[in-house]
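For reference, the structure discussed in these notes is given below.
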Amino acid sequence: MKRFFQFGEAGGPFIGLILLCVVFSLASEHFLSARNALNILDQVTVLGILAIGMTAVIIIGGIDLSVGSVLAFATMTLGWLMRDGGFPLPVAIVLAILAGGGCGVICGLFITIGRLPPFVATLAMLSGARGLANILTDGRQIIGYPEWFSELATVRHFGFLSVTMSVFIVLAILGWVYLRFRAGGRNLYAIGGNAEVARLAGIRVRLANIWVYAFSGLLAGVAGVALAARLDSSQPSAGFTYELDTIAAVVIGGASLSGGKGSVGGTIVGVFIIGVLRNGLNLLAVSPFVQQIVIGAVIAIAVMMDTLGRRQRG
Amino acid sequence: MDTESANRGLSARGLGKRYVQTEVLVDFGLDVRPGEIVALLGENGAGKSTVSSIIAGVIQPDSGHMTWCGRPYAPATPGDAIAAGIGLIHQEIRLLPDLSIAENVFVGRLPARNGVVDREKINSAAKKQLRRLGLDAPPSCLVRMLRVAAQQQVEIAKALCLQSKLLILDEPTAALGADETDRLFSQIRRLREDGVSFIYISHRLDEIPLIADRVLVLRDGRLVSQHDNAQTPIHVLVREMVGRNVDRIFPERDAPQNDEALSVKNLTAADGTFKNISFNVRRGEIIGIAGIVGAGRTELMRAISGADPITAGTIKVDGKIVRMAGPRDAVRAGIVLVPEDRKLQGLILDHTLANNIAAGNSDIFAKNGWAWPGKIHDFAHSAILRVGVKGDPDQRVGELSGGNQQKTVIAKWVSRSPRVFILDEPTRGIDVGARAAIYDMIANLARAGAAIVLVSSDLDEVLGMSHRTLVLSRGRQRAILEGAEANHETVINLATT
């Protein structure tokens, strides 16, 4: 049982998240309410979807800098297919998500066949996908989505859950189950721990790499669709610098950038730490510039506590 | 003892060190005079590395004191030790592969002229030290291009450029073949003539009489004996190291079965490191592969296990040709590799035993791809029991001793019941007591019907364990010797010509 529900590496960040909530509850009368909790969940949906894919990427010892741009490419593809291509919106949604997956596959091929370091391959995609997002409409936004589409993000079914939030929750559970209990997921940890050991053990390292980047791209596509629903429009500048928040969430959640370590559970805690901080500081009317400083400090402190804690144990 | 010359060397008294629960060194004393080679023996965990780390300033003792050249010596960092003229040369080579030999020799203190690195100066100074060691590689050559033996000489040259008067060599011959070892010894002797002293740490006991002036034996952190004469018989040293008699190291071998498990025909490497290798191994048979460093032994093993590509030849398991696109095909066909470097190729040191043992085996324990933690744990637990690893499935592999780490690599494979085990240097860096356990395990694997291909730089090991011995020289197959015709003389003659 203990092994099943191992908080393990996410234990520290989880305590941090609780402390943050306690502090904000005391500091602001508006923080502790069901309504605000749902606001936070709504605000972290896009970041959370991206972070699930990034967790897998970081576990295999990679990095995906392209998620923000791929999100933008997917969101623009969605609008473009609907408005200029005349596709029914459900079909456009599927194609936009696949477009994100396609970007991921290209990154994966650059890395495995082209032997580019993940940093370089996804940096190239960061630039390329942003360019594609702008080319589709010459840099202009797309509006005019049907009402049911924006309702995916705004109508809260059963009084609390919107469709986009549910998608995030379902994807998080699937990601958690895959990484924790599926053989394919466990193999990712071996690859990140030492790719040569994994290869000699008969694990298909290249194939796993391509899949993981494809998965990250697909999720960026899903996030692009969710963002379009939330904004009721597609913006070519969407998702700018989201890759950094995403990496921050994964790292705060206990993953190691050198690979072999991390969990979806930890990542979700990391996502909520960032979400709660933003929300709480907004409620306290702290300026966005100061918020950036606070988030920077939290990243440093979280990783430092993790490292120092490990040194003490070891 | 001649106190005056002792004063000019290194003298340590009452050194002690303990970690949370264990005392790793107790009341240890040692004297090294100028121009003397002192061998430090002991099993893994006996405290040898603690001693060398203390002397080299890597860690600080909890008690005791040292004097060096007549003055109190208490290095707080490796830098202090280097400045005092004491250098530690690690078992694992710690050079920067993408810098030149000269840059490696001068790393951290590159001399500059007008703000630019003075390459002429470092090249000529490095060349001088390299010549002193008899290494003729150009100083501007990248370290990556050098063989392991040459890289080690660069480490020694680096220490000499730092004006070291005492060098601690930790397992310097672990990665060397017979003639590189000879060359290293003659270099050490030459430096001894110049007044350089050495603390020599090795697992290869047969080297000790060749190189050491005196021998100290450590066991469980305590000094158990000192021999002023390095000609002490090996069995005496072994008994002192392990605290018991070790008469028969190599286990009995049963006769092989008749059916062929592995058949290799005309195998040729894509990069030309070996050509036209052909041999068969029957079930239950152990075939030893002998050869000096650079003969292509490891390359051949990697090719048979699918890790490196081949351009010609066939590999058959149980008479069926195996198409190799990668290690996965070999593993699925029943050929498994226990690689040369267990820390870099065999294990993920930061992961648990359970995860290490499970990696790559999900086709066996995971039904429909579900790798439940309980399943992984049980799978690892039964493999650990079968091989006799002293460790818990939830423990990090990095915490285990070398012998138990090697057993973990083997444990990873036993549950597959592979047809062919390829063991590349299975006892490198492993102490005498633990070696015997690994030999027993190899014999048991053969008894259970596996075909075994054993590579070792330790010729006694190859001869003591194998039914037949294949001798490689410069990538060519020189001979396959039957048990009785294989002895030191015949093998070395074939391997070195």
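Letters A, B, ... go to the chains of the structure tokens in the order shown; residues in each chain start at 1; ligands are counted from 1 in the same order.
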Margin query: Show me, as number ranges by chain, every residue of chain B with an atom at most 6 Å from chain A, counting only C-alpha atoms.
Written below: B: 327-328, 345-346, 348, 360, 362, 369-372
Please dump the current selection as a PDB file, in the first residue's frame; keep N, CA, C and O atoms.
ATOM      1  N   PRO B 327      20.407  -4.309 -29.354  1.00  0.00           N
ATOM      2  CA  PRO B 327      20.467  -5.246 -28.221  1.00  0.00           C
ATOM      3  C   PRO B 327      19.132  -5.941 -27.977  1.00  0.00           C
ATOM      4  O   PRO B 327      19.101  -7.072 -27.517  1.00  0.00           O
ATOM      5  N   ARG B 328      18.023  -5.268 -28.311  1.00  0.00           N
ATOM      6  CA  ARG B 328      16.717  -5.861 -28.080  1.00  0.00           C
ATOM      7  C   ARG B 328      16.577  -7.208 -28.792  1.00  0.00           C
ATOM      8  O   ARG B 328      16.059  -8.169 -28.233  1.00  0.00           O
ATOM      9  N   GLN B 345      27.262   1.167 -17.993  1.00  0.00           N
ATOM     10  CA  GLN B 345      26.505   0.427 -18.999  1.00  0.00           C
ATOM     11  C   GLN B 345      25.566  -0.613 -18.406  1.00  0.00           C
ATOM     12  O   GLN B 345      24.643  -1.062 -19.066  1.00  0.00           O
ATOM     13  N   GLY B 346      25.823  -0.981 -17.157  1.00  0.00           N
ATOM     14  CA  GLY B 346      25.045  -2.084 -16.594  1.00  0.00           C
ATOM     15  C   GLY B 346      23.934  -1.650 -15.657  1.00  0.00           C
ATOM     16  O   GLY B 346      22.930  -2.320 -15.539  1.00  0.00           O
ATOM     17  N   ILE B 348      21.674   1.618 -13.417  1.00  0.00           N
ATOM     18  CA  ILE B 348      21.307   3.008 -13.171  1.00  0.00           C
ATOM     19  C   ILE B 348      21.519   3.206 -11.675  1.00  0.00           C
ATOM     20  O   ILE B 348      20.702   2.789 -10.869  1.00  0.00           O
ATOM     21  N   GLY B 360      13.628  -3.430 -18.838  1.00  0.00           N
ATOM     22  CA  GLY B 360      13.804  -4.260 -20.018  1.00  0.00           C
ATOM     23  C   GLY B 360      13.166  -5.633 -19.912  1.00  0.00           C
ATOM     24  O   GLY B 360      13.129  -6.380 -20.878  1.00  0.00           O
ATOM     25  N   SER B 362       9.945  -6.167 -18.844  1.00  0.00           N
ATOM     26  CA  SER B 362       8.501  -6.062 -18.649  1.00  0.00           C
ATOM     27  C   SER B 362       7.759  -7.113 -19.459  1.00  0.00           C
ATOM     28  O   SER B 362       6.654  -7.491 -19.113  1.00  0.00           O
ATOM     29  N   GLY B 369       1.160  -5.446 -20.141  1.00  0.00           N
ATOM     30  CA  GLY B 369       1.825  -4.150 -19.997  1.00  0.00           C
ATOM     31  C   GLY B 369       1.630  -3.471 -18.659  1.00  0.00           C
ATOM     32  O   GLY B 369       2.079  -2.351 -18.467  1.00  0.00           O
ATOM     33  N   TRP B 370       0.948  -4.141 -17.709  1.00  0.00           N
ATOM     34  CA  TRP B 370       0.774  -3.505 -16.394  1.00  0.00           C
ATOM     35  C   TRP B 370       1.953  -3.834 -15.491  1.00  0.00           C
ATOM     36  O   TRP B 370       2.176  -4.991 -15.173  1.00  0.00           O
ATOM     37  N   ALA B 371       2.692  -2.813 -15.117  1.00  0.00           N
ATOM     38  CA  ALA B 371       3.865  -3.018 -14.260  1.00  0.00           C
ATOM     39  C   ALA B 371       3.529  -2.555 -12.852  1.00  0.00           C
ATOM     40  O   ALA B 371       3.985  -1.509 -12.406  1.00  0.00           O
ATOM     41  N   TRP B 372       2.688  -3.319 -12.151  1.00  0.00           N
ATOM     42  CA  TRP B 372       2.299  -2.928 -10.794  1.00  0.00           C
ATOM     43  C   TRP B 372       3.511  -2.950  -9.881  1.00  0.00           C
ATOM     44  O   TRP B 372       4.341  -3.856  -9.992  1.00  0.00           O
TER      45      TRP B 372
END
Report as a compact mmCIF listing (two decimals) with all heavy atoms, in the first residue's frame all protein, DNA and RNA residues lying within 12 Å of Ala248 of chain A, evaluated on only C-alpha atoms, omitting residues in the same chain fewer than 3 positions from it.
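Saved result, result14.txt, follows:
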# COMPACT_ATOMS: atom_id res chain seq x y z
N LEU A 47 -1.80 25.34 -18.43
CA LEU A 47 -0.47 25.02 -17.92
C LEU A 47 -0.39 23.54 -17.51
O LEU A 47 0.58 22.84 -17.80
CB LEU A 47 -0.17 25.91 -16.71
CG LEU A 47 1.10 25.63 -15.93
CD1 LEU A 47 2.33 25.83 -16.82
CD2 LEU A 47 1.20 26.52 -14.69
N GLY A 48 -1.44 23.06 -16.85
CA GLY A 48 -1.45 21.69 -16.36
C GLY A 48 -1.37 20.68 -17.49
O GLY A 48 -0.62 19.69 -17.40
N LEU A 50 -0.11 21.10 -20.47
CA LEU A 50 1.25 21.12 -21.02
C LEU A 50 2.22 20.39 -20.10
O LEU A 50 3.11 19.65 -20.55
CB LEU A 50 1.73 22.57 -21.19
CG LEU A 50 1.03 23.43 -22.24
CD1 LEU A 50 1.56 24.85 -22.18
CD2 LEU A 50 1.25 22.85 -23.64
N ALA A 51 2.04 20.57 -18.79
CA ALA A 51 3.01 20.03 -17.83
C ALA A 51 3.00 18.51 -17.77
O ALA A 51 4.01 17.89 -17.45
CB ALA A 51 2.75 20.62 -16.45
N MET A 54 5.29 17.53 -20.47
CA MET A 54 6.66 17.92 -20.11
C MET A 54 7.24 16.97 -19.06
O MET A 54 8.44 16.72 -19.04
CB MET A 54 6.66 19.36 -19.59
CG MET A 54 8.05 19.94 -19.39
SD MET A 54 8.93 20.24 -20.94
CE MET A 54 8.19 21.79 -21.43
N THR A 55 6.39 16.43 -18.19
CA THR A 55 6.89 15.50 -17.17
C THR A 55 7.53 14.29 -17.84
O THR A 55 8.65 13.89 -17.49
CB THR A 55 5.72 15.03 -16.27
OG1 THR A 55 5.07 16.18 -15.75
CG2 THR A 55 6.23 14.18 -15.14
N ILE A 58 10.85 15.30 -19.46
CA ILE A 58 11.95 15.52 -18.51
C ILE A 58 12.37 14.19 -17.87
O ILE A 58 13.56 13.98 -17.60
CB ILE A 58 11.54 16.59 -17.47
CG1 ILE A 58 11.58 17.96 -18.18
CG2 ILE A 58 12.47 16.59 -16.26
CD1 ILE A 58 11.19 19.14 -17.34
N ILE A 63 14.10 17.83 -22.83
CA ILE A 63 13.48 19.11 -22.50
C ILE A 63 12.67 19.48 -23.74
O ILE A 63 13.07 19.15 -24.84
CB ILE A 63 14.55 20.17 -22.17
CG1 ILE A 63 13.94 21.43 -21.55
CG2 ILE A 63 15.36 20.57 -23.40
CD1 ILE A 63 13.85 21.36 -20.07
N LEU A 65 11.24 22.82 -25.32
CA LEU A 65 11.08 24.27 -25.28
C LEU A 65 9.98 24.73 -26.22
O LEU A 65 9.64 25.90 -26.26
CB LEU A 65 12.39 24.95 -25.69
CG LEU A 65 13.59 24.65 -24.81
CD1 LEU A 65 14.84 25.31 -25.38
CD2 LEU A 65 13.33 25.16 -23.40
N THR A 241 6.17 32.11 -23.94
CA THR A 241 6.95 31.76 -22.73
C THR A 241 6.25 30.74 -21.81
O THR A 241 6.68 30.56 -20.69
CB THR A 241 7.35 32.99 -21.87
OG1 THR A 241 6.19 33.52 -21.24
CG2 THR A 241 8.04 34.05 -22.68
N TYR A 242 5.19 30.10 -22.30
CA TYR A 242 4.57 29.07 -21.45
C TYR A 242 5.53 27.92 -21.15
O TYR A 242 5.40 27.25 -20.14
CB TYR A 242 3.32 28.49 -22.14
CG TYR A 242 2.06 29.30 -21.92
CD1 TYR A 242 2.12 30.64 -21.61
CD2 TYR A 242 0.81 28.70 -22.04
CE1 TYR A 242 0.96 31.38 -21.42
CE2 TYR A 242 -0.35 29.42 -21.86
CZ TYR A 242 -0.28 30.76 -21.55
OH TYR A 242 -1.42 31.48 -21.37
N GLU A 243 6.46 27.67 -22.09
CA GLU A 243 7.39 26.55 -21.86
C GLU A 243 8.13 26.72 -20.54
O GLU A 243 8.43 25.74 -19.85
CB GLU A 243 8.37 26.39 -23.03
CG GLU A 243 9.27 27.56 -23.37
CD GLU A 243 8.56 28.64 -24.20
OE1 GLU A 243 7.42 28.37 -24.64
OE2 GLU A 243 9.13 29.71 -24.40
N LEU A 244 8.39 27.99 -20.17
CA LEU A 244 9.17 28.21 -18.95
C LEU A 244 8.35 27.91 -17.70
O LEU A 244 8.82 27.25 -16.77
CB LEU A 244 9.71 29.65 -18.93
CG LEU A 244 10.59 29.98 -20.14
CD1 LEU A 244 11.09 31.40 -20.06
CD2 LEU A 244 11.77 29.01 -20.23
N ASP A 245 7.08 28.36 -17.69
CA ASP A 245 6.21 28.02 -16.57
C ASP A 245 6.04 26.51 -16.46
O ASP A 245 5.99 25.95 -15.37
CB ASP A 245 4.81 28.64 -16.78
CG ASP A 245 4.75 30.06 -16.21
OD1 ASP A 245 5.74 30.48 -15.59
OD2 ASP A 245 3.72 30.73 -16.40
N VAL A 251 9.68 20.93 -12.48
CA VAL A 251 10.86 20.89 -11.61
C VAL A 251 10.47 21.12 -10.15
O VAL A 251 10.97 20.45 -9.25
CB VAL A 251 11.90 21.94 -12.10
CG1 VAL A 251 12.99 22.12 -11.08
CG2 VAL A 251 12.48 21.49 -13.43
N ILE A 252 9.54 22.04 -9.92
CA ILE A 252 9.06 22.25 -8.55
C ILE A 252 8.46 20.95 -8.02
O ILE A 252 8.59 20.61 -6.85
CB ILE A 252 8.00 23.38 -8.50
CG1 ILE A 252 8.66 24.73 -8.75
CG2 ILE A 252 7.29 23.41 -7.14
CD1 ILE A 252 7.68 25.88 -8.89
N GLY A 253 7.85 20.18 -8.92
CA GLY A 253 7.22 18.93 -8.53
C GLY A 253 8.19 17.79 -8.28
O GLY A 253 7.78 16.65 -8.10
N GLY A 254 9.50 18.06 -8.29
CA GLY A 254 10.46 17.05 -7.89
C GLY A 254 11.16 16.31 -9.01
O GLY A 254 11.94 15.40 -8.76
N ALA A 255 10.90 16.68 -10.27
CA ALA A 255 11.61 16.00 -11.36
C ALA A 255 13.02 16.55 -11.45
O ALA A 255 13.30 17.66 -11.00
CB ALA A 255 10.89 16.21 -12.68
N SER A 256 13.91 15.73 -12.01
CA SER A 256 15.29 16.16 -12.16
C SER A 256 15.57 16.40 -13.64
O SER A 256 15.24 15.58 -14.48
CB SER A 256 16.23 15.08 -11.63
OG SER A 256 17.50 15.22 -12.22
N LEU A 257 16.18 17.55 -13.95
CA LEU A 257 16.48 17.85 -15.35
C LEU A 257 17.50 16.90 -15.94
O LEU A 257 17.66 16.83 -17.14
CB LEU A 257 16.97 19.30 -15.51
CG LEU A 257 15.88 20.38 -15.44
CD1 LEU A 257 16.47 21.74 -15.70
CD2 LEU A 257 14.77 20.09 -16.46
N GLY A 266 3.68 14.85 -8.65
CA GLY A 266 4.53 15.97 -8.27
C GLY A 266 4.29 17.17 -9.17
O GLY A 266 4.21 18.31 -8.72
N THR A 267 4.20 16.89 -10.47
CA THR A 267 3.99 17.97 -11.43
C THR A 267 2.70 18.72 -11.15
O THR A 267 2.65 19.95 -11.19
CB THR A 267 3.98 17.40 -12.86
OG1 THR A 267 5.28 16.91 -13.15
CG2 THR A 267 3.60 18.45 -13.87
N ILE A 268 1.63 17.97 -10.84
CA ILE A 268 0.36 18.63 -10.57
C ILE A 268 0.49 19.54 -9.34
O ILE A 268 -0.01 20.67 -9.33
CB ILE A 268 -0.75 17.56 -10.36
CG1 ILE A 268 -0.94 16.73 -11.63
CG2 ILE A 268 -2.07 18.22 -9.95
CD1 ILE A 268 -1.28 17.53 -12.87
N VAL A 269 1.20 19.05 -8.33
CA VAL A 269 1.46 19.89 -7.16
C VAL A 269 2.21 21.16 -7.61
O VAL A 269 1.88 22.28 -7.21
CB VAL A 269 2.25 19.12 -6.09
CG1 VAL A 269 2.72 20.06 -4.99
CG2 VAL A 269 1.41 18.00 -5.50
N GLY A 270 3.21 20.98 -8.48
CA GLY A 270 3.98 22.13 -8.99
C GLY A 270 3.08 23.11 -9.74
O GLY A 270 3.19 24.33 -9.57
N VAL A 271 2.19 22.57 -10.55
CA VAL A 271 1.26 23.41 -11.31
C VAL A 271 0.39 24.22 -10.35
O VAL A 271 0.19 25.42 -10.53
CB VAL A 271 0.38 22.52 -12.22
CG1 VAL A 271 -0.84 23.30 -12.71
CG2 VAL A 271 1.19 21.98 -13.38
N PHE A 272 -0.09 23.55 -9.30
CA PHE A 272 -0.96 24.27 -8.36
C PHE A 272 -0.18 25.27 -7.52
O PHE A 272 -0.72 26.30 -7.13
CB PHE A 272 -1.74 23.28 -7.48
CG PHE A 272 -2.99 22.81 -8.16
CD1 PHE A 272 -3.03 21.59 -8.81
CD2 PHE A 272 -4.12 23.62 -8.18
CE1 PHE A 272 -4.17 21.18 -9.48
CE2 PHE A 272 -5.27 23.22 -8.85
CZ PHE A 272 -5.30 21.99 -9.50
N ILE A 273 1.07 24.98 -7.23
CA ILE A 273 1.87 25.98 -6.49
C ILE A 273 1.94 27.27 -7.31
O ILE A 273 1.70 28.37 -6.80
CB ILE A 273 3.28 25.42 -6.18
CG1 ILE A 273 3.17 24.40 -5.04
CG2 ILE A 273 4.22 26.56 -5.79
CD1 ILE A 273 4.50 23.80 -4.62
N ILE A 274 2.22 27.13 -8.61
CA ILE A 274 2.29 28.32 -9.46
C ILE A 274 0.91 28.99 -9.56
O ILE A 274 0.78 30.21 -9.42
CB ILE A 274 2.82 27.93 -10.86
CG1 ILE A 274 4.29 27.54 -10.75
CG2 ILE A 274 2.64 29.09 -11.84
CD1 ILE A 274 4.93 27.18 -12.07
N GLY A 275 -0.15 28.16 -9.73
CA GLY A 275 -1.50 28.70 -9.86
C GLY A 275 -1.96 29.42 -8.60
O GLY A 275 -2.51 30.52 -8.65
N ILE A 295 7.77 34.06 -7.95
CA ILE A 295 7.78 32.74 -8.59
C ILE A 295 9.22 32.27 -8.83
O ILE A 295 9.56 31.10 -8.60
CB ILE A 295 6.96 32.77 -9.90
CG1 ILE A 295 5.47 32.87 -9.51
CG2 ILE A 295 7.20 31.52 -10.74
CD1 ILE A 295 4.54 33.00 -10.67
N GLY A 296 10.07 33.21 -9.21
CA GLY A 296 11.49 32.86 -9.37
C GLY A 296 12.06 32.32 -8.07
O GLY A 296 12.74 31.29 -8.04
N ALA A 297 11.74 33.02 -6.97
CA ALA A 297 12.26 32.59 -5.67
C ALA A 297 11.72 31.22 -5.31
O ALA A 297 12.46 30.37 -4.79
CB ALA A 297 11.87 33.61 -4.61
N VAL A 298 10.45 30.97 -5.61
CA VAL A 298 9.85 29.68 -5.26
C VAL A 298 10.53 28.54 -6.02
O VAL A 298 10.82 27.48 -5.45
CB VAL A 298 8.33 29.69 -5.54
CG1 VAL A 298 7.76 28.28 -5.51
CG2 VAL A 298 7.63 30.56 -4.51
N ILE A 299 10.82 28.76 -7.30
CA ILE A 299 11.51 27.72 -8.08
C ILE A 299 12.84 27.38 -7.41
O ILE A 299 13.17 26.21 -7.16
CB ILE A 299 11.77 28.19 -9.53
CG1 ILE A 299 10.44 28.42 -10.25
CG2 ILE A 299 12.64 27.19 -10.29
CD1 ILE A 299 10.61 29.07 -11.61
N ALA A 300 13.60 28.44 -7.09
CA ALA A 300 14.92 28.20 -6.50
C ALA A 300 14.81 27.49 -5.16
O ALA A 300 15.52 26.51 -4.90
CB ALA A 300 15.66 29.53 -6.34
N ILE A 301 13.88 27.95 -4.33
CA ILE A 301 13.75 27.36 -2.99
C ILE A 301 13.30 25.90 -3.07
O ILE A 301 13.85 25.02 -2.40
CB ILE A 301 12.76 28.17 -2.12
CG1 ILE A 301 13.37 29.54 -1.81
CG2 ILE A 301 12.43 27.45 -0.83
CD1 ILE A 301 12.40 30.53 -1.20
N ALA A 302 12.31 25.63 -3.95
CA ALA A 302 11.78 24.27 -4.05
C ALA A 302 12.88 23.29 -4.43
O ALA A 302 13.04 22.23 -3.81
CB ALA A 302 10.65 24.22 -5.07
N VAL A 303 13.66 23.65 -5.46
CA VAL A 303 14.68 22.72 -5.92
C VAL A 303 15.80 22.60 -4.89
O VAL A 303 16.35 21.52 -4.65
CB VAL A 303 15.21 23.14 -7.30
CG1 VAL A 303 16.30 22.19 -7.77
CG2 VAL A 303 14.07 23.15 -8.31
Checklist line | Test item: residues at most 12 Å from Leu231 of chain A, only C-alpha atoms, excluding those fewer than 3 positions along its chain, as an NGL selection string | finding: :A and (43 or 46 or 75 or 141-145 or 147 or 149-154 or 224-228 or 234-235 or 238)
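Residues within 12 Å of Ile169 of chain A, counting only C-alpha atoms and excluding same-chain residues fewer than 5 positions away, are Leu41, Asp42, Val44, Thr45, Val46, Gly48, Ile49, Ile52, Leu161, Ser162, Val163, Thr164, Leu174, Gly175, Trp176, Val264, Gly265 and Ile268 of chain A.
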May I have the selected residues written with C-alpha atoms, as an mmCIF file, in the first residue's frame?
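Output (result_39.cif):
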data_model
loop_
_atom_site.group_PDB
_atom_site.id
_atom_site.type_symbol
_atom_site.label_atom_id
_atom_site.label_comp_id
_atom_site.auth_asym_id
_atom_site.auth_seq_id
_atom_site.Cartn_x
_atom_site.Cartn_y
_atom_site.Cartn_z
ATOM 1 C CA LEU A 41 -8.403 25.099 -11.386
ATOM 2 C CA ASP A 42 -9.652 27.003 -14.407
ATOM 3 C CA VAL A 44 -4.112 26.268 -14.349
ATOM 4 C CA THR A 45 -5.871 24.068 -16.919
ATOM 5 C CA VAL A 46 -3.715 25.053 -19.908
ATOM 6 C CA GLY A 48 -1.448 21.688 -16.357
ATOM 7 C CA ILE A 49 -2.134 19.984 -19.697
ATOM 8 C CA ILE A 52 1.797 16.422 -18.105
ATOM 9 C CA LEU A 161 -16.599 21.286 -13.691
ATOM 10 C CA SER A 162 -16.164 22.750 -17.157
ATOM 11 C CA VAL A 163 -15.292 20.432 -20.045
ATOM 12 C CA THR A 164 -11.734 21.829 -20.327
ATOM 13 C CA LEU A 174 -4.138 8.842 -17.448
ATOM 14 C CA GLY A 175 -0.607 10.278 -17.362
ATOM 15 C CA TRP A 176 -0.187 9.313 -13.733
ATOM 16 C CA VAL A 264 2.723 13.419 -12.668
ATOM 17 C CA GLY A 265 1.581 13.723 -9.039
ATOM 18 C CA ILE A 268 0.355 18.627 -10.570
#
Next item on the list: Might you pull out every residue within 12 Å of Glu43 of chain B, with only C-alpha atoms counted and same-chain residues fewer than 2 positions away left off, and present them as number ranges by chain?
Entry: B: 40-41, 45-49, 201-205, 217-222, 237-243, 401-403, 429-435
Notebook entry, point to check: Could you pull out the helix (DSSP H, G or I) residues of segment 27-180 of chain A from DSSP and send them as a ChimeraX atom specification?
Noted result: /A:27,34-59,67-83,89-112,118-137,147-154,163-180
Next item on the list: Skip Gly464 of chain B itself and residues of its chain fewer than 5 positions away, then list as a VMD selection string all residues within 9 Å of it, counting only C-alpha atoms.
Entry: chain B and resid 249 to 251 459
Print the selection's residues with C-alpha atoms to a file, as a short mmCIF file (atom, residue, chain, number, x, y, z; two decimals), in the first residue's frame.
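The file below, again_38.cif, is the result:
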data_model
loop_
_atom_site.label_atom_id
_atom_site.label_comp_id
_atom_site.auth_asym_id
_atom_site.auth_seq_id
_atom_site.Cartn_x
_atom_site.Cartn_y
_atom_site.Cartn_z
CA ILE B 249 38.99 -19.86 -5.79
CA PHE B 250 37.67 -21.46 -8.96
CA PRO B 251 34.69 -23.79 -8.65
CA LEU B 459 44.40 -14.61 -17.35
#
Notebook entry, point to check: Suppose you want the space between atom CA of Gln60 of chain B and atom CA of Thr77 of chain B; what is it in Å?
Noted result: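 Atom-to-atom, atom CA of Gln60 of chain B to atom CA of Thr77 of chain B, that is 8.6 Å.
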